[in-house]
Amino acid sequence: MAFMPPFGPQGQVQPPSSPPPQFTPAQTGASALAVDPGAISGCLFRNTFIWPVRGPGFWFYPVFVGRTSVAGFRWNGFFWMYTGLDLRTIQSFTCF
């Protein structure tokens with residue numbers, strides 16, 4: 001059986017039904033170049049920790065990957081918020 005993303009009543013993708021893991025993973029590597037869309041597409045519909053070029057890392061749940069951007073739900077500490085990110089703003093990531 002194929003994996004189906006969590007769609008809501010009007011066919012909209014829904015955020016995860018639970019919070020992300022309660023730990024911050026160790027950053028394994030950083031890229032001097034933009035994140036490759038093919039690499040991050042392996043994290044679709046999975047809890048993913050993002051280390052941005054600027055600012056603190058955060059949990060993200062990607063639901064769409066384009067040529068230059070990724071969209072999904074970002075954990076703000078209390079709930080999931082829908083957001084989009086330019087792939088050039090991501091230093092590294094890891095998914096679970």
# chains A, B, ... in the order shown; residues from 1 in each chain; ligands from 1
call {"tool": "select_by_dssp", "arguments": {"residues": "stretch 26-79 of chain A", "states": "alpha helix (DSSP H)", "output": "list in words"}}
result
Pro37, Gly38, Ala39 and Ile40 of chain A
call {"tool": "residues_around", "arguments": {"residues": "stretch 65-74 of chain A", "least_positions_apart": "6", "cutoff": "10 Å", "atoms": "only C-alpha atoms", "output": "NGL selection string"}}
result
:A and (13-16 or 20 or 34-45 or 47-50 or 58-59 or 80-90)
call {"tool": "select_by_dssp", "arguments": {"residues": "chain A", "states": "strand (DSSP E or B)", "output": "count of residues only"}}
result
35
call {"tool": "residues_around", "arguments": {"residues": "A:Ala26", "least_positions_apart": "6", "cutoff": "12 Å", "atoms": "only C-alpha atoms", "output": "ChimeraX atom specification"}}
result
/A:49-51,57,92-95
